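Enquirer: Compact mmCIF, N, CA and C atoms, saved as structure.txt, coming up:
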# COMPACT_ATOMS: atom_id res chain seq x y z
N MET A 30 18.30 -15.12 -4.74
CA MET A 30 19.04 -14.83 -5.95
C MET A 30 19.20 -13.31 -6.07
N GLU A 31 20.40 -12.85 -6.29
CA GLU A 31 20.65 -11.43 -6.47
C GLU A 31 20.15 -11.00 -7.84
N LYS A 32 19.45 -9.89 -7.90
CA LYS A 32 18.94 -9.41 -9.17
C LYS A 32 19.99 -8.50 -9.81
N PRO A 33 20.47 -8.87 -11.01
CA PRO A 33 21.51 -8.10 -11.67
C PRO A 33 21.00 -6.75 -12.16
N ASP A 34 21.91 -5.77 -12.20
CA ASP A 34 21.55 -4.43 -12.65
C ASP A 34 21.42 -4.36 -14.17
N ASN A 35 22.23 -5.12 -14.89
CA ASN A 35 22.18 -5.12 -16.35
C ASN A 35 21.21 -6.18 -16.84
N PRO A 36 20.13 -5.78 -17.52
CA PRO A 36 19.14 -6.76 -17.96
C PRO A 36 19.58 -7.59 -19.17
N TRP A 37 20.66 -7.20 -19.84
CA TRP A 37 21.06 -7.89 -21.07
C TRP A 37 22.16 -8.91 -20.81
N ILE A 38 21.95 -10.14 -21.30
CA ILE A 38 23.02 -11.14 -21.22
C ILE A 38 23.84 -11.16 -22.50
N TYR A 39 23.31 -10.53 -23.55
CA TYR A 39 24.06 -10.42 -24.79
C TYR A 39 23.80 -9.05 -25.39
N ASP A 40 24.87 -8.44 -25.89
CA ASP A 40 24.79 -7.15 -26.57
C ASP A 40 25.89 -7.16 -27.61
N GLY A 41 25.52 -7.39 -28.86
CA GLY A 41 26.54 -7.48 -29.90
C GLY A 41 25.93 -7.73 -31.27
N CYS A 42 26.75 -8.31 -32.15
CA CYS A 42 26.31 -8.58 -33.51
C CYS A 42 25.58 -9.93 -33.58
N THR A 43 24.85 -10.12 -34.66
CA THR A 43 24.09 -11.37 -34.82
C THR A 43 25.01 -12.57 -35.00
N ASP A 44 26.20 -12.37 -35.57
CA ASP A 44 27.10 -13.49 -35.85
C ASP A 44 27.55 -14.24 -34.60
N LEU A 45 27.72 -13.55 -33.49
CA LEU A 45 28.22 -14.19 -32.27
C LEU A 45 27.11 -14.67 -31.34
N LEU A 46 25.88 -14.37 -31.70
CA LEU A 46 24.75 -14.74 -30.85
C LEU A 46 24.70 -16.24 -30.59
N LYS A 47 25.03 -17.03 -31.61
CA LYS A 47 24.92 -18.49 -31.48
C LYS A 47 25.87 -19.11 -30.45
N VAL A 48 26.93 -18.40 -30.09
CA VAL A 48 27.83 -18.92 -29.06
C VAL A 48 27.56 -18.31 -27.69
N ALA A 49 26.66 -17.32 -27.64
CA ALA A 49 26.43 -16.61 -26.39
C ALA A 49 25.11 -16.97 -25.70
N VAL A 50 24.13 -17.41 -26.47
CA VAL A 50 22.79 -17.64 -25.93
C VAL A 50 22.27 -18.96 -26.46
N GLU A 51 21.52 -19.67 -25.63
CA GLU A 51 20.91 -20.92 -26.10
C GLU A 51 19.40 -20.88 -25.90
N PRO A 52 18.67 -21.67 -26.67
CA PRO A 52 17.21 -21.72 -26.49
C PRO A 52 16.86 -22.17 -25.08
N VAL A 53 15.70 -21.74 -24.59
CA VAL A 53 15.23 -22.20 -23.28
C VAL A 53 13.94 -22.99 -23.47
N PRO A 54 13.73 -24.02 -22.63
CA PRO A 54 12.47 -24.76 -22.70
C PRO A 54 11.32 -23.88 -22.21
N SER A 55 10.12 -24.22 -22.61
CA SER A 55 8.96 -23.39 -22.28
C SER A 55 8.77 -23.20 -20.78
N VAL A 56 9.16 -24.17 -19.97
CA VAL A 56 9.00 -24.03 -18.51
C VAL A 56 9.90 -22.94 -17.94
N LYS A 57 10.94 -22.56 -18.67
CA LYS A 57 11.85 -21.50 -18.22
C LYS A 57 11.47 -20.13 -18.77
N GLY A 58 10.47 -20.08 -19.65
CA GLY A 58 10.03 -18.81 -20.22
C GLY A 58 10.69 -18.51 -21.54
N GLY A 59 11.24 -17.31 -21.67
CA GLY A 59 11.86 -16.89 -22.92
C GLY A 59 12.63 -15.60 -22.74
N TYR A 60 13.04 -15.06 -23.85
CA TYR A 60 13.89 -13.88 -23.88
C TYR A 60 13.18 -12.69 -24.54
N ILE A 61 13.56 -11.51 -24.15
CA ILE A 61 13.25 -10.30 -24.90
C ILE A 61 14.44 -10.06 -25.82
N VAL A 62 14.16 -9.79 -27.08
CA VAL A 62 15.21 -9.52 -28.06
C VAL A 62 14.98 -8.11 -28.61
N VAL A 63 16.05 -7.33 -28.67
CA VAL A 63 16.00 -5.98 -29.21
C VAL A 63 16.95 -5.92 -30.40
N PHE A 64 16.42 -5.49 -31.54
CA PHE A 64 17.23 -5.31 -32.74
C PHE A 64 17.44 -3.82 -32.97
N VAL A 65 18.69 -3.45 -33.25
CA VAL A 65 19.01 -2.08 -33.66
C VAL A 65 19.40 -2.17 -35.13
N LEU A 66 18.71 -1.40 -35.97
CA LEU A 66 18.98 -1.43 -37.40
C LEU A 66 19.92 -0.29 -37.79
N GLU A 67 20.39 -0.33 -39.04
CA GLU A 67 21.35 0.68 -39.53
C GLU A 67 20.84 2.11 -39.37
N ASP A 68 19.53 2.30 -39.47
CA ASP A 68 18.97 3.65 -39.33
C ASP A 68 18.75 4.04 -37.87
N GLN A 69 19.26 3.22 -36.95
CA GLN A 69 19.16 3.41 -35.50
C GLN A 69 17.76 3.16 -34.95
N SER A 70 16.87 2.61 -35.77
CA SER A 70 15.55 2.23 -35.25
C SER A 70 15.71 0.99 -34.38
N ILE A 71 14.84 0.88 -33.39
CA ILE A 71 14.87 -0.23 -32.44
C ILE A 71 13.57 -1.00 -32.58
N TRP A 72 13.69 -2.32 -32.62
CA TRP A 72 12.55 -3.22 -32.77
C TRP A 72 12.57 -4.23 -31.64
N LEU A 73 11.41 -4.50 -31.06
CA LEU A 73 11.29 -5.41 -29.92
C LEU A 73 10.71 -6.74 -30.34
N GLY A 74 11.19 -7.80 -29.72
CA GLY A 74 10.65 -9.13 -29.95
C GLY A 74 10.73 -9.97 -28.70
N ALA A 75 10.09 -11.13 -28.74
CA ALA A 75 10.12 -12.07 -27.63
C ALA A 75 10.16 -13.48 -28.21
N THR A 76 11.01 -14.33 -27.66
CA THR A 76 11.19 -15.67 -28.22
C THR A 76 11.83 -16.60 -27.21
N ARG A 77 11.72 -17.88 -27.46
CA ARG A 77 12.44 -18.87 -26.65
C ARG A 77 13.79 -19.21 -27.28
N ASP A 78 13.94 -18.89 -28.57
CA ASP A 78 15.17 -19.21 -29.29
C ASP A 78 15.69 -17.98 -30.04
N PRO A 79 16.51 -17.16 -29.39
CA PRO A 79 17.00 -15.93 -30.03
C PRO A 79 17.83 -16.16 -31.29
N ILE A 80 18.48 -17.31 -31.40
CA ILE A 80 19.31 -17.58 -32.57
C ILE A 80 18.45 -17.71 -33.82
N VAL A 81 17.43 -18.55 -33.75
CA VAL A 81 16.52 -18.74 -34.88
C VAL A 81 15.74 -17.46 -35.15
N TYR A 82 15.27 -16.82 -34.09
CA TYR A 82 14.50 -15.59 -34.22
C TYR A 82 15.32 -14.51 -34.94
N SER A 83 16.57 -14.36 -34.56
CA SER A 83 17.44 -13.35 -35.19
C SER A 83 17.71 -13.68 -36.65
N ALA A 84 17.94 -14.95 -36.94
CA ALA A 84 18.18 -15.36 -38.33
C ALA A 84 16.94 -15.07 -39.19
N ASN A 85 15.77 -15.39 -38.67
CA ASN A 85 14.53 -15.12 -39.40
C ASN A 85 14.32 -13.62 -39.60
N TRP A 86 14.62 -12.85 -38.57
CA TRP A 86 14.48 -11.40 -38.65
C TRP A 86 15.42 -10.82 -39.70
N ALA A 87 16.67 -11.29 -39.70
CA ALA A 87 17.66 -10.81 -40.67
C ALA A 87 17.20 -11.12 -42.10
N ARG A 88 16.66 -12.32 -42.30
CA ARG A 88 16.14 -12.70 -43.61
C ARG A 88 14.97 -11.79 -44.02
N LYS A 89 14.09 -11.53 -43.05
CA LYS A 89 12.91 -10.71 -43.33
C LYS A 89 13.30 -9.29 -43.73
N VAL A 90 14.17 -8.65 -42.96
CA VAL A 90 14.56 -7.28 -43.31
C VAL A 90 15.33 -7.25 -44.63
N GLY A 91 16.09 -8.30 -44.90
CA GLY A 91 16.79 -8.38 -46.17
C GLY A 91 15.85 -8.52 -47.35
N SER A 92 14.82 -9.34 -47.20
CA SER A 92 13.88 -9.57 -48.30
C SER A 92 13.03 -8.33 -48.60
N PHE A 93 12.82 -7.48 -47.61
CA PHE A 93 12.06 -6.25 -47.82
C PHE A 93 12.96 -5.07 -48.16
N GLY A 94 14.26 -5.31 -48.24
CA GLY A 94 15.19 -4.25 -48.57
C GLY A 94 15.31 -3.19 -47.49
N LEU A 95 15.08 -3.59 -46.25
CA LEU A 95 15.16 -2.65 -45.13
C LEU A 95 16.60 -2.56 -44.62
N ASN A 96 16.81 -1.70 -43.67
CA ASN A 96 18.12 -1.56 -43.04
C ASN A 96 18.54 -2.86 -42.37
N LYS A 97 19.83 -3.13 -42.39
CA LYS A 97 20.35 -4.36 -41.77
C LYS A 97 20.43 -4.21 -40.26
N ILE A 98 20.44 -5.36 -39.60
CA ILE A 98 20.61 -5.40 -38.14
C ILE A 98 22.07 -5.12 -37.82
N THR A 99 22.32 -4.14 -36.97
CA THR A 99 23.69 -3.82 -36.58
C THR A 99 24.01 -4.26 -35.16
N ARG A 100 22.98 -4.49 -34.37
CA ARG A 100 23.19 -4.83 -32.95
C ARG A 100 21.99 -5.60 -32.44
N VAL A 101 22.25 -6.58 -31.60
CA VAL A 101 21.19 -7.37 -30.97
C VAL A 101 21.43 -7.38 -29.47
N LEU A 102 20.36 -7.18 -28.71
CA LEU A 102 20.43 -7.30 -27.26
C LEU A 102 19.45 -8.39 -26.86
N VAL A 103 19.88 -9.25 -25.95
CA VAL A 103 19.03 -10.35 -25.48
C VAL A 103 18.98 -10.27 -23.96
N SER A 104 17.76 -10.35 -23.44
CA SER A 104 17.57 -10.29 -21.99
C SER A 104 17.96 -11.60 -21.32
N ARG A 105 18.00 -11.57 -20.02
CA ARG A 105 18.07 -12.81 -19.26
C ARG A 105 16.75 -13.53 -19.48
N PRO A 106 16.71 -14.86 -19.32
CA PRO A 106 15.43 -15.56 -19.48
C PRO A 106 14.40 -15.07 -18.44
N LEU A 107 13.20 -14.84 -18.91
CA LEU A 107 12.11 -14.38 -18.06
C LEU A 107 10.94 -15.34 -18.21
N ARG A 108 10.35 -15.75 -17.10
CA ARG A 108 9.21 -16.67 -17.19
C ARG A 108 8.05 -16.05 -17.93
N ARG A 109 7.78 -14.79 -17.66
CA ARG A 109 6.64 -14.09 -18.29
C ARG A 109 7.17 -13.10 -19.33
N PHE A 110 7.92 -13.64 -20.28
CA PHE A 110 8.61 -12.80 -21.25
C PHE A 110 7.66 -12.04 -22.17
N GLU A 111 6.54 -12.63 -22.55
CA GLU A 111 5.57 -11.92 -23.41
C GLU A 111 4.95 -10.75 -22.65
N SER A 112 4.62 -10.96 -21.39
CA SER A 112 4.08 -9.87 -20.57
C SER A 112 5.11 -8.76 -20.40
N ALA A 113 6.36 -9.13 -20.22
CA ALA A 113 7.43 -8.14 -20.09
C ALA A 113 7.56 -7.33 -21.38
N ARG A 114 7.45 -7.99 -22.53
CA ARG A 114 7.53 -7.28 -23.81
C ARG A 114 6.39 -6.27 -23.94
N LEU A 115 5.19 -6.66 -23.54
CA LEU A 115 4.05 -5.74 -23.61
C LEU A 115 4.25 -4.53 -22.68
N LEU A 116 4.78 -4.77 -21.49
CA LEU A 116 5.08 -3.67 -20.58
C LEU A 116 6.16 -2.75 -21.15
N MET A 117 7.14 -3.34 -21.84
CA MET A 117 8.18 -2.54 -22.48
C MET A 117 7.58 -1.63 -23.54
N LYS A 118 6.69 -2.19 -24.35
CA LYS A 118 6.04 -1.38 -25.39
C LYS A 118 5.32 -0.19 -24.78
N GLU A 119 4.66 -0.42 -23.67
CA GLU A 119 3.95 0.66 -22.98
C GLU A 119 4.94 1.70 -22.43
N ALA A 120 6.03 1.24 -21.83
CA ALA A 120 7.03 2.15 -21.26
C ALA A 120 7.73 2.99 -22.34
N LEU A 121 7.78 2.47 -23.56
CA LEU A 121 8.49 3.15 -24.65
C LEU A 121 7.56 3.86 -25.63
N ARG A 122 6.28 3.94 -25.32
CA ARG A 122 5.29 4.45 -26.28
C ARG A 122 5.61 5.85 -26.81
N THR A 123 6.24 6.69 -26.02
CA THR A 123 6.55 8.05 -26.49
C THR A 123 7.67 8.05 -27.54
N TYR A 124 8.38 6.93 -27.68
CA TYR A 124 9.47 6.82 -28.65
C TYR A 124 9.05 6.07 -29.91
N LYS A 125 7.81 5.63 -29.96
CA LYS A 125 7.35 4.78 -31.06
C LYS A 125 7.10 5.60 -32.32
N ASP A 126 7.54 5.06 -33.43
CA ASP A 126 7.29 5.66 -34.73
C ASP A 126 5.80 5.53 -35.04
N GLN A 127 5.19 6.56 -35.58
CA GLN A 127 3.75 6.54 -35.86
C GLN A 127 3.38 5.63 -37.02
N HIS A 128 4.34 5.32 -37.88
CA HIS A 128 4.03 4.58 -39.10
C HIS A 128 4.57 3.15 -39.12
N SER A 129 5.18 2.73 -38.04
CA SER A 129 5.73 1.36 -37.99
C SER A 129 5.79 0.91 -36.53
N ASN A 130 6.34 -0.27 -36.32
CA ASN A 130 6.52 -0.78 -34.96
C ASN A 130 7.90 -0.46 -34.41
N ALA A 131 8.60 0.46 -35.06
CA ALA A 131 9.94 0.85 -34.63
C ALA A 131 9.88 1.88 -33.51
N TYR A 132 10.97 1.92 -32.75
CA TYR A 132 11.14 2.92 -31.70
C TYR A 132 12.42 3.67 -32.01
N TYR A 133 12.44 4.96 -31.69
CA TYR A 133 13.63 5.78 -31.92
C TYR A 133 14.12 6.37 -30.61
N LEU A 134 15.13 5.73 -30.07
CA LEU A 134 15.82 6.17 -28.86
C LEU A 134 17.13 5.41 -28.81
N ASP A 135 18.06 5.86 -28.01
CA ASP A 135 19.33 5.14 -27.92
C ASP A 135 19.19 3.97 -26.94
N VAL A 136 20.10 3.02 -27.06
CA VAL A 136 20.04 1.80 -26.26
C VAL A 136 20.17 2.11 -24.77
N GLU A 137 20.96 3.10 -24.42
CA GLU A 137 21.13 3.44 -23.00
C GLU A 137 19.81 3.93 -22.40
N THR A 138 19.09 4.77 -23.13
CA THR A 138 17.79 5.25 -22.66
C THR A 138 16.80 4.10 -22.58
N LEU A 139 16.79 3.25 -23.60
CA LEU A 139 15.91 2.08 -23.59
C LEU A 139 16.17 1.23 -22.35
N THR A 140 17.44 0.97 -22.07
CA THR A 140 17.79 0.14 -20.91
C THR A 140 17.30 0.77 -19.62
N GLU A 141 17.48 2.07 -19.47
CA GLU A 141 17.02 2.75 -18.25
C GLU A 141 15.50 2.70 -18.12
N LYS A 142 14.79 2.84 -19.24
CA LYS A 142 13.33 2.84 -19.21
C LYS A 142 12.76 1.46 -18.86
N VAL A 143 13.44 0.40 -19.31
CA VAL A 143 12.88 -0.95 -19.11
C VAL A 143 13.49 -1.70 -17.93
N ARG A 144 14.54 -1.16 -17.34
CA ARG A 144 15.20 -1.84 -16.21
C ARG A 144 14.21 -2.24 -15.11
N PRO A 145 13.28 -1.37 -14.68
CA PRO A 145 12.34 -1.78 -13.62
C PRO A 145 11.48 -2.98 -14.02
N ILE A 146 11.15 -3.08 -15.29
CA ILE A 146 10.35 -4.22 -15.77
C ILE A 146 11.15 -5.50 -15.63
N PHE A 147 12.41 -5.47 -16.05
CA PHE A 147 13.26 -6.66 -15.95
C PHE A 147 13.49 -7.06 -14.50
N LEU A 148 13.75 -6.08 -13.65
CA LEU A 148 13.99 -6.39 -12.24
C LEU A 148 12.76 -7.02 -11.60
N ALA A 149 11.58 -6.54 -11.97
CA ALA A 149 10.34 -7.13 -11.43
C ALA A 149 10.08 -8.52 -12.00
N ALA A 150 10.50 -8.75 -13.24
CA ALA A 150 10.21 -10.02 -13.91
C ALA A 150 11.18 -11.14 -13.55
N LEU A 151 12.36 -10.80 -13.06
CA LEU A 151 13.32 -11.84 -12.69
C LEU A 151 12.83 -12.60 -11.47
N PRO A 152 13.09 -13.90 -11.42
CA PRO A 152 12.66 -14.68 -10.26
C PRO A 152 13.31 -14.21 -8.97
N SER A 153 12.60 -14.31 -7.87
CA SER A 153 13.15 -13.96 -6.55
C SER A 153 13.94 -15.13 -6.00
N ALA A 154 14.64 -14.87 -4.92
CA ALA A 154 15.43 -15.92 -4.26
C ALA A 154 14.54 -17.01 -3.72
Please re-express this file's structure in structure tokens.
Expert:
Amino acid sequence: MEKPDNPWIYDGCTDLLKVAVEPVPSVKGGYIVVFVLEDQSIWLGATRDPIVYSANWARKVGSFGLNKITRVLVSRPLRRFESARLLMKEALRTYKDQHSNAYYLDVETLTEKVRPIFLAALPSA
């Protein structure tokens, strides 16, 4: 199997997510989800169902009066998606906000920093 250069299968608004991505069964792993909020903060998550996860996240930020989600990125399915998320957190530690779980960097930099993790996590041929 050829390993793709772009780790994201979806990059867009939350409204179109439901037609672009579907839940995966546990034997297939799960997805890394990245939320970009109005203040340009980046938040990382991991889930088997990005549609439900995004809806819950949008409700949560709305109920706390936080910035709205402006962009969502979803990875290709990864068998060890939780491990990949933990490695991402480590790779991005210099961009982490000291007072929250947010990261402050642009999506292009984030993608470059985490690309090796995704390439290693994708199944081989």
Enquirer: Find the distance between CA of Ser55 in chain A and atom N of Asp40 in chain A and write it in Å to one decimal.
Expert: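 It comes out at 22.1 Å.
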Enquirer: Taking only C-alpha atoms into account, name the residue in A:Gly41, A:Gly74, A:Pro106, A:Gly91 that is nearest to Pro54 in chain A.
Expert: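 Selected residue with least distance to Pro54 in chain A: A:Pro106.
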Enquirer: Which is closer to Gly58 in chain A than all the others in A:Thr123, A:Asn35, A:Asn96, A:Thr76, using all atoms listed in the file?
Expert: A:Thr76
Enquirer: My list of candidates is A:Ala150, A:Val136, A:Val50, A:Val143. Which is closest to Met117 in chain A when distances are computed with all atoms listed in the file?
Expert: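 Closest to Met117 in chain A, using all atoms listed in the file: A:Val143.
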Enquirer: If I take atom N of His128 in chain A and CA of Trp86 in chain A, how far is one from the other in Å, to one decimal?
Expert: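 We find that atom N of His128 in chain A and CA of Trp86 in chain A lie 19.6 Å from each other.
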Enquirer: Pick out the closest residue to Val81 in chain A from this set: A:Lys47, A:Asn130, A:Ile146, A:Phe110. Count only N, CA and C atoms.
Expert: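 Comparing A:Lys47, A:Asn130, A:Ile146, A:Phe110 against Val81 in chain A, the winner is A:Lys47.
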Enquirer: Given only C-alpha atoms as the basis, pick out the residue of A:Lys142, A:Lys89, A:Arg100, A:Arg105 nearest to Pro36 in chain A.
Expert: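 Checking each candidate against Pro36 in chain A, we get A:Arg105 as the closest.
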Enquirer: Got a sec to tell me which of chain A DSSP assigns to strand (DSSP E or B), as a PyMOL selection string?
Expert: chain A and resi 37-41+59-66+71-76+98-104+107+125+132
Enquirer: Quick one: pull the distance between CA of Lys57 in chain A and CA of Glu111 in chain A, Å, one decimal.
Expert: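 Separating CA of Lys57 in chain A from CA of Glu111 in chain A is a distance of 12.6 Å.
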Enquirer: Pop range 77-88 of chain A out of the structure in the block and write N, CA and C atoms as a PDB file, in the first residue's frame.
Expert:
ATOM      1  N   ARG A  77     -13.435   7.113  17.161  1.00  0.00           N
ATOM      2  CA  ARG A  77     -13.839   6.203  16.086  1.00  0.00           C
ATOM      3  C   ARG A  77     -14.946   6.827  15.232  1.00  0.00           C
ATOM      4  N   ASP A  78     -15.613   7.843  15.782  1.00  0.00           N
ATOM      5  CA  ASP A  78     -16.725   8.477  15.079  1.00  0.00           C
ATOM      6  C   ASP A  78     -16.561  10.000  15.082  1.00  0.00           C
ATOM      7  N   PRO A  79     -15.875  10.546  14.080  1.00  0.00           N
ATOM      8  CA  PRO A  79     -15.625  11.991  14.044  1.00  0.00           C
ATOM      9  C   PRO A  79     -16.886  12.849  13.975  1.00  0.00           C
ATOM     10  N   ILE A  80     -17.966  12.313  13.419  1.00  0.00           N
ATOM     11  CA  ILE A  80     -19.198  13.091  13.290  1.00  0.00           C
ATOM     12  C   ILE A  80     -19.788  13.372  14.667  1.00  0.00           C
ATOM     13  N   VAL A  81     -19.960  12.331  15.459  1.00  0.00           N
ATOM     14  CA  VAL A  81     -20.504  12.483  16.811  1.00  0.00           C
ATOM     15  C   VAL A  81     -19.537  13.280  17.682  1.00  0.00           C
ATOM     16  N   TYR A  82     -18.255  12.975  17.569  1.00  0.00           N
ATOM     17  CA  TYR A  82     -17.230  13.661  18.359  1.00  0.00           C
ATOM     18  C   TYR A  82     -17.252  15.162  18.078  1.00  0.00           C
ATOM     19  N   SER A  83     -17.345  15.543  16.818  1.00  0.00           N
ATOM     20  CA  SER A  83     -17.371  16.961  16.443  1.00  0.00           C
ATOM     21  C   SER A  83     -18.633  17.651  16.948  1.00  0.00           C
ATOM     22  N   ALA A  84     -19.765  16.967  16.835  1.00  0.00           N
ATOM     23  CA  ALA A  84     -21.023  17.542  17.328  1.00  0.00           C
ATOM     24  C   ALA A  84     -20.952  17.769  18.839  1.00  0.00           C
ATOM     25  N   ASN A  85     -20.425  16.794  19.564  1.00  0.00           N
ATOM     26  CA  ASN A  85     -20.278  16.937  21.017  1.00  0.00           C
ATOM     27  C   ASN A  85     -19.316  18.070  21.368  1.00  0.00           C
ATOM     28  N   TRP A  86     -18.238  18.170  20.619  1.00  0.00           N
ATOM     29  CA  TRP A  86     -17.255  19.225  20.850  1.00  0.00           C
ATOM     30  C   TRP A  86     -17.871  20.595  20.605  1.00  0.00           C
ATOM     31  N   ALA A  87     -18.626  20.726  19.522  1.00  0.00           N
ATOM     32  CA  ALA A  87     -19.273  22.002  19.195  1.00  0.00           C
ATOM     33  C   ALA A  87     -20.253  22.403  20.297  1.00  0.00           C
ATOM     34  N   ARG A  88     -21.005  21.433  20.812  1.00  0.00           N
ATOM     35  CA  ARG A  88     -21.927  21.697  21.915  1.00  0.00           C
ATOM     36  C   ARG A  88     -21.166  22.145  23.165  1.00  0.00           C
TER      37      ARG A  88
END
